[in-house]
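Undergrad: Take a look at this one; I'll ask things after.
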Amino acid sequence: MLNTDKSLHKTISKFSEEISKYWPKKNPQPSPEESKLANNFGIICEGFFAESGPNYVIRIVSIAKQLEEIFNTKTLAIIQNGKKNEPLKYLIWKAFDIEDTIGIYDEVYANFSSFKKEFIKALTKFYYYFAKFLFFIKKEEWFFKIKLFGLEIGDLIYDEMIKYHESEKDITKKIYSIKSIKRKYKYIFNKTFIYIFSCSYLYKRYNPKIYLTTHTQYSSYGIPCRYFAKKGVQIIETNDDLILFYQKNSTPKFNQGLKELIKKKINETDFDQNKLHEIDNILNSRITGKEEQIDVKMAYHNKKIYDQQSLRDELKITNNKPMVFIFAHVFADAPRCLTQMLLFKDYFDWLEQTLKHISTNKNVNWIVKPHPSSKTYNEIGQVKRMIDELDSKENVFLCPENLSTASVINCAKAIITGQGTVGMEFSCFGIPVVIIGSAFYSGFGFNIEPKTKQEYSKILDKIDLLSPLNESQILIAKKVIYSFFSLANKDFSLIDTKIKDLVWGCSQDQDLNSAYQLMTERLKTNDPRKLYFCELVRSYFEKKNP
């Protein structure tokens, strides 16, 4: 764990010294051309996560600097507060020769008084909607689609309310499904309003062409993405594994953005025998835990592969009924913002209702697997607690902790997931998968995708009668998984599983000091200007502007 803020400041200072070698400060006496760029902020970059981990800042700022070169413009970094209140963030941005930062609260919000008439009008409308939220929280679909100033905000606010409880150390007091609006959530509504108004201010003042972000979820990240997209600004989202270019004037949502890229990749690719062999290698790398992706390492690496009999023995199952696996999600991780459709209110609501329903179906042994990242979100033990609370649970089993997810190839009659990647992966092995959301791989014809809760219940009741996927379905699943991985990061010289594990605390305690120290060492021999995502950015805009 991090020892003191002072030690982190010292570590980040050394990191900043190393990174500044790649982007040295420009001549203090600017050329006439540089002077013209003084107030030309064509790029606004989200900087909220700057000191939260070197993986965030390396990937997003390297891309920002690449965009500066492509468009001959400057970057404005937005943070929650300004230089005085968030000096570490300013130190980091300055190291990349980006000295223009602006704080949402103590710089933008401070200017609200100059827009009194607009401010009062907006605030009045805001509290009108707040009152509606109080009364209509149980009308879920209405809640999630509510708009304020033309922006969908219900899903963002809902996920913020769940995230509010994430820091609760006592797992029994955590809330993963919102049933009513509490007074303490008022700050979330205030925050949403402030961000909408701040985006209006930033757009009018700077008229950006590109908005670069690490997330499209929650109010802090989602509001700017949706506001600027509505104004025709190009939205670019980058996580550690993927970079997404959203269509202008759309509502940026990760699953839909990724699906469009996958469709395009499938149409561009010739799936000959060599390509199909390559897909088999990709699948083998994933199920053996060799892929450089942290959830994969947690799910497959150094885990035991069970066959049907050894799993029955481990769980003390004495019958020969088929086994169906239910893959739980991280409950607190943006259940609504990622996707256009989810049959249930959230991931917790889905699993809770599913467990209650399937416990009455004695034709199947139901194996429930917690998400491999549950430790990161302090959710360890929650799935077990849900099973223990069932009135009837003799046919519902908690998956062994040491089970490799690859075991489902040998053991599963079928799989159920909200919209996890297992729905794509194990379809490639012919296993039927039921999903209850619009995943980035949904709509291709190889999953079972109920449109209503009633249809979902009927599928669960007869799930033991499902047939394996046919060859055509398996082939399209393989095309999707190939396209997905062809879009993924190929460069792990700076950001890899070890860095992410230190930042997130998946298999060990979080240690930001060590993460920054490790990144600083890597920067001595690896150039961030040559990152794979920087190449993708260049390629994307070269194709748009040949």
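Naming scheme: A, B, ... for chains in displayed order of the structure tokens; residues 1 onward per chain; ligands 1 onward as shown.
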Kindly assemble as a tab-separated table a list of the segment 337-362 of chain A residues that lie within 8 Å of segment 174-187 of chain A, each paired with its nearest atom pair and their distance in Å to one decimal, using only C-alpha atoms, sorted first by chain and then by ascending residue number.

TA:
```
residue	atom	partner	partner_atom	distance
A:Lys345	CA	A:Ser177	CA	7.5
A:Asp346	CA	A:Ser177	CA	6.5
A:Phe348	CA	A:Tyr176	CA	5.9
A:Asp349	CA	A:Ser177	CA	6.3
```

Undergrad: Go ahead and write the selection's residues with N, CA and C atoms as a PDB file, in the first residue's frame.

TA:
```
ATOM      1  N   LYS A 345     -32.341  -4.328 -13.848  1.00  0.00           N
ATOM      2  CA  LYS A 345     -31.950  -2.994 -13.417  1.00  0.00           C
ATOM      3  C   LYS A 345     -30.433  -2.826 -13.370  1.00  0.00           C
ATOM      4  N   ASP A 346     -29.741  -3.859 -12.943  1.00  0.00           N
ATOM      5  CA  ASP A 346     -28.286  -3.817 -12.806  1.00  0.00           C
ATOM      6  C   ASP A 346     -27.783  -5.243 -12.668  1.00  0.00           C
ATOM      7  N   PHE A 348     -26.461  -6.786 -10.074  1.00  0.00           N
ATOM      8  CA  PHE A 348     -26.878  -7.416  -8.820  1.00  0.00           C
ATOM      9  C   PHE A 348     -28.320  -7.898  -8.925  1.00  0.00           C
ATOM     10  N   ASP A 349     -29.178  -7.040  -9.436  1.00  0.00           N
ATOM     11  CA  ASP A 349     -30.594  -7.390  -9.608  1.00  0.00           C
ATOM     12  C   ASP A 349     -30.733  -8.608 -10.516  1.00  0.00           C
TER      13      ASP A 349
END
```

Undergrad: So that I can check the surroundings of Gly257 of chain A, please list as an mmCIF file with N, CA and C atoms, in the first residue's frame every protein, DNA and RNA residue that reaches within 10 Å of it, counting only C-alpha atoms and ignoring chain neighbours fewer than 6 positions away.

TA:
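Output saved as out18.cif:
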```cif
data_model
loop_
_atom_site.group_PDB
_atom_site.id
_atom_site.type_symbol
_atom_site.label_atom_id
_atom_site.label_comp_id
_atom_site.auth_asym_id
_atom_site.auth_seq_id
_atom_site.Cartn_x
_atom_site.Cartn_y
_atom_site.Cartn_z
ATOM 1 N N GLU A 237 -12.031 7.363 -26.950
ATOM 2 C CA GLU A 237 -11.901 6.744 -25.630
ATOM 3 C C GLU A 237 -10.783 5.710 -25.680
ATOM 4 N N ILE A 243 -8.799 1.239 -28.080
ATOM 5 C CA ILE A 243 -9.054 2.660 -28.359
ATOM 6 C C ILE A 243 -10.265 2.714 -29.282
ATOM 7 N N LEU A 244 -11.239 3.555 -28.930
ATOM 8 C CA LEU A 244 -12.489 3.640 -29.671
ATOM 9 C C LEU A 244 -12.667 5.043 -30.238
ATOM 10 N N PHE A 245 -13.084 5.110 -31.498
ATOM 11 C CA PHE A 245 -13.397 6.369 -32.164
ATOM 12 C C PHE A 245 -14.906 6.387 -32.386
ATOM 13 N N TYR A 246 -15.608 7.230 -31.644
ATOM 14 C CA TYR A 246 -17.069 7.236 -31.712
ATOM 15 C C TYR A 246 -17.575 8.094 -32.857
ATOM 16 N N GLN A 247 -18.697 7.675 -33.423
ATOM 17 C CA GLN A 247 -19.334 8.457 -34.470
ATOM 18 C C GLN A 247 -19.833 9.778 -33.886
ATOM 19 N N SER A 250 -23.479 11.013 -31.745
ATOM 20 C CA SER A 250 -24.043 9.802 -31.142
ATOM 21 C C SER A 250 -23.943 9.921 -29.627
ATOM 22 N N THR A 251 -24.496 8.932 -28.914
ATOM 23 C CA THR A 251 -24.304 8.856 -27.466
ATOM 24 C C THR A 251 -23.201 7.837 -27.208
ATOM 25 N N LEU A 338 -22.481 1.256 -19.914
ATOM 26 C CA LEU A 338 -21.725 0.602 -20.968
ATOM 27 C C LEU A 338 -22.575 0.205 -22.161
ATOM 28 N N THR A 339 -23.878 0.059 -21.946
ATOM 29 C CA THR A 339 -24.695 -0.631 -22.922
ATOM 30 C C THR A 339 -26.028 0.066 -23.157
ATOM 31 N N PHE A 440 -21.013 -6.116 -26.619
ATOM 32 C CA PHE A 440 -20.346 -5.686 -27.847
ATOM 33 C C PHE A 440 -20.321 -6.794 -28.884
#
```

Undergrad: Name the residues in contact with Ala439 of chain A at a cut-off of 7 Å, using only C-alpha atoms, excluding same-chain residues fewer than 2 positions from it; report them as a PyMOL selection string.

TA: chain A and resi 255+339+419+437+441-442

Undergrad: Keeping N, CA and C atoms, export the residues of the selection given above as a compact mmCIF listing (two decimals), in the first residue's frame.

TA:
```txt
# COMPACT_ATOMS: atom_id res chain seq x y z
N ASN A 255 -19.94 -0.46 -25.38
CA ASN A 255 -20.32 -1.68 -26.10
C ASN A 255 -20.73 -1.41 -27.54
N THR A 339 -23.88 0.06 -21.95
CA THR A 339 -24.69 -0.63 -22.92
C THR A 339 -26.03 0.07 -23.16
N GLN A 419 -23.28 -9.77 -19.81
CA GLN A 419 -22.69 -9.43 -21.11
C GLN A 419 -21.17 -9.58 -21.04
N GLY A 437 -28.01 -8.65 -22.03
CA GLY A 437 -27.72 -7.25 -22.32
C GLY A 437 -27.19 -7.11 -23.73
N TYR A 441 -20.64 -8.03 -28.46
CA TYR A 441 -20.67 -9.17 -29.40
C TYR A 441 -22.09 -9.67 -29.63
N SER A 442 -23.11 -8.97 -29.14
CA SER A 442 -24.49 -9.41 -29.32
C SER A 442 -24.98 -9.06 -30.72
```

Undergrad: Using only C-alpha atoms, determine which residues lie at most 12 Å from segment 316-325 of chain A, disregarding the query and same-chain residues fewer than 5 positions distant; provide the list as a PyMOL selection string.

TA: chain A and resi 307-311+355+358+361-370+394-400+405-417+422-423+426+431-434+460-466

Undergrad: Quick one: distance from atom CA of Tyr516 of chain A to atom CA of Ile499 of chain A in Å, one decimal?

TA: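 Computed distance, atom CA of Tyr516 of chain A to atom CA of Ile499 of chain A, equals 8.5 Å.
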
Undergrad: As a PDB file with N, CA and C atoms, in the first residue's frame, please: the residues near Val383 of chain A (cut-off 10 Å, only C-alpha atoms, same-chain neighbours under 3 positions excluded).

TA:
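Generated output (around_3.pdb):
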```
ATOM      1  N   ALA A 328     -20.942 -14.280 -12.822  1.00  0.00           N
ATOM      2  CA  ALA A 328     -21.330 -13.000 -12.213  1.00  0.00           C
ATOM      3  C   ALA A 328     -20.448 -11.876 -12.731  1.00  0.00           C
ATOM      4  N   HIS A 329     -20.964 -10.670 -12.662  1.00  0.00           N
ATOM      5  CA  HIS A 329     -20.203  -9.472 -13.012  1.00  0.00           C
ATOM      6  C   HIS A 329     -19.692  -8.806 -11.731  1.00  0.00           C
ATOM      7  N   PHE A 331     -20.374  -6.041  -9.514  1.00  0.00           N
ATOM      8  CA  PHE A 331     -21.667  -5.383  -9.344  1.00  0.00           C
ATOM      9  C   PHE A 331     -21.578  -3.854  -9.454  1.00  0.00           C
ATOM     10  N   PHE A 348     -26.461  -6.786 -10.074  1.00  0.00           N
ATOM     11  CA  PHE A 348     -26.878  -7.416  -8.820  1.00  0.00           C
ATOM     12  C   PHE A 348     -28.320  -7.898  -8.925  1.00  0.00           C
ATOM     13  N   LEU A 351     -28.468 -11.064 -11.077  1.00  0.00           N
ATOM     14  CA  LEU A 351     -28.017 -12.293 -10.432  1.00  0.00           C
ATOM     15  C   LEU A 351     -28.970 -12.713  -9.320  1.00  0.00           C
ATOM     16  N   GLU A 352     -29.457 -11.754  -8.554  1.00  0.00           N
ATOM     17  CA  GLU A 352     -30.374 -12.061  -7.463  1.00  0.00           C
ATOM     18  C   GLU A 352     -31.640 -12.729  -7.989  1.00  0.00           C
ATOM     19  N   VAL A 368     -22.111 -21.205  -9.926  1.00  0.00           N
ATOM     20  CA  VAL A 368     -22.035 -19.745  -9.974  1.00  0.00           C
ATOM     21  C   VAL A 368     -20.595 -19.299  -9.732  1.00  0.00           C
ATOM     22  N   LYS A 369     -20.054 -18.548 -10.686  1.00  0.00           N
ATOM     23  CA  LYS A 369     -18.655 -18.112 -10.588  1.00  0.00           C
ATOM     24  C   LYS A 369     -18.569 -16.598 -10.368  1.00  0.00           C
ATOM     25  N   PRO A 370     -17.996 -16.155  -9.236  1.00  0.00           N
ATOM     26  CA  PRO A 370     -17.783 -14.714  -9.025  1.00  0.00           C
ATOM     27  C   PRO A 370     -16.808 -14.163 -10.064  1.00  0.00           C
ATOM     28  N   HIS A 371     -16.877 -12.863 -10.279  1.00  0.00           N
ATOM     29  CA  HIS A 371     -15.979 -12.230 -11.243  1.00  0.00           C
ATOM     30  C   HIS A 371     -14.548 -12.245 -10.703  1.00  0.00           C
ATOM     31  N   SER A 374     -13.412  -9.300  -8.405  1.00  0.00           N
ATOM     32  CA  SER A 374     -14.263  -8.935  -7.264  1.00  0.00           C
ATOM     33  C   SER A 374     -13.446  -8.367  -6.102  1.00  0.00           C
ATOM     34  N   GLU A 379     -15.695  -6.896  -3.255  1.00  0.00           N
ATOM     35  CA  GLU A 379     -16.926  -7.667  -3.374  1.00  0.00           C
ATOM     36  C   GLU A 379     -16.721  -9.150  -3.081  1.00  0.00           C
ATOM     37  N   ILE A 380     -15.563  -9.502  -2.543  1.00  0.00           N
ATOM     38  CA  ILE A 380     -15.306 -10.915  -2.229  1.00  0.00           C
ATOM     39  C   ILE A 380     -16.318 -11.406  -1.198  1.00  0.00           C
ATOM     40  N   MET A 386     -25.142 -14.420  -1.413  1.00  0.00           N
ATOM     41  CA  MET A 386     -26.397 -14.481  -2.162  1.00  0.00           C
ATOM     42  C   MET A 386     -26.886 -15.923  -2.295  1.00  0.00           C
ATOM     43  N   ILE A 387     -25.968 -16.850  -2.509  1.00  0.00           N
ATOM     44  CA  ILE A 387     -26.347 -18.266  -2.600  1.00  0.00           C
ATOM     45  C   ILE A 387     -26.816 -18.784  -1.245  1.00  0.00           C
ATOM     46  N   ASP A 388     -26.084 -18.414  -0.202  1.00  0.00           N
ATOM     47  CA  ASP A 388     -26.439 -18.877   1.152  1.00  0.00           C
ATOM     48  C   ASP A 388     -27.826 -18.406   1.584  1.00  0.00           C
ATOM     49  N   LEU A 398     -21.378 -22.767  -5.425  1.00  0.00           N
ATOM     50  CA  LEU A 398     -20.360 -21.747  -5.642  1.00  0.00           C
ATOM     51  C   LEU A 398     -19.159 -22.393  -6.311  1.00  0.00           C
TER      52      LEU A 398
END
```
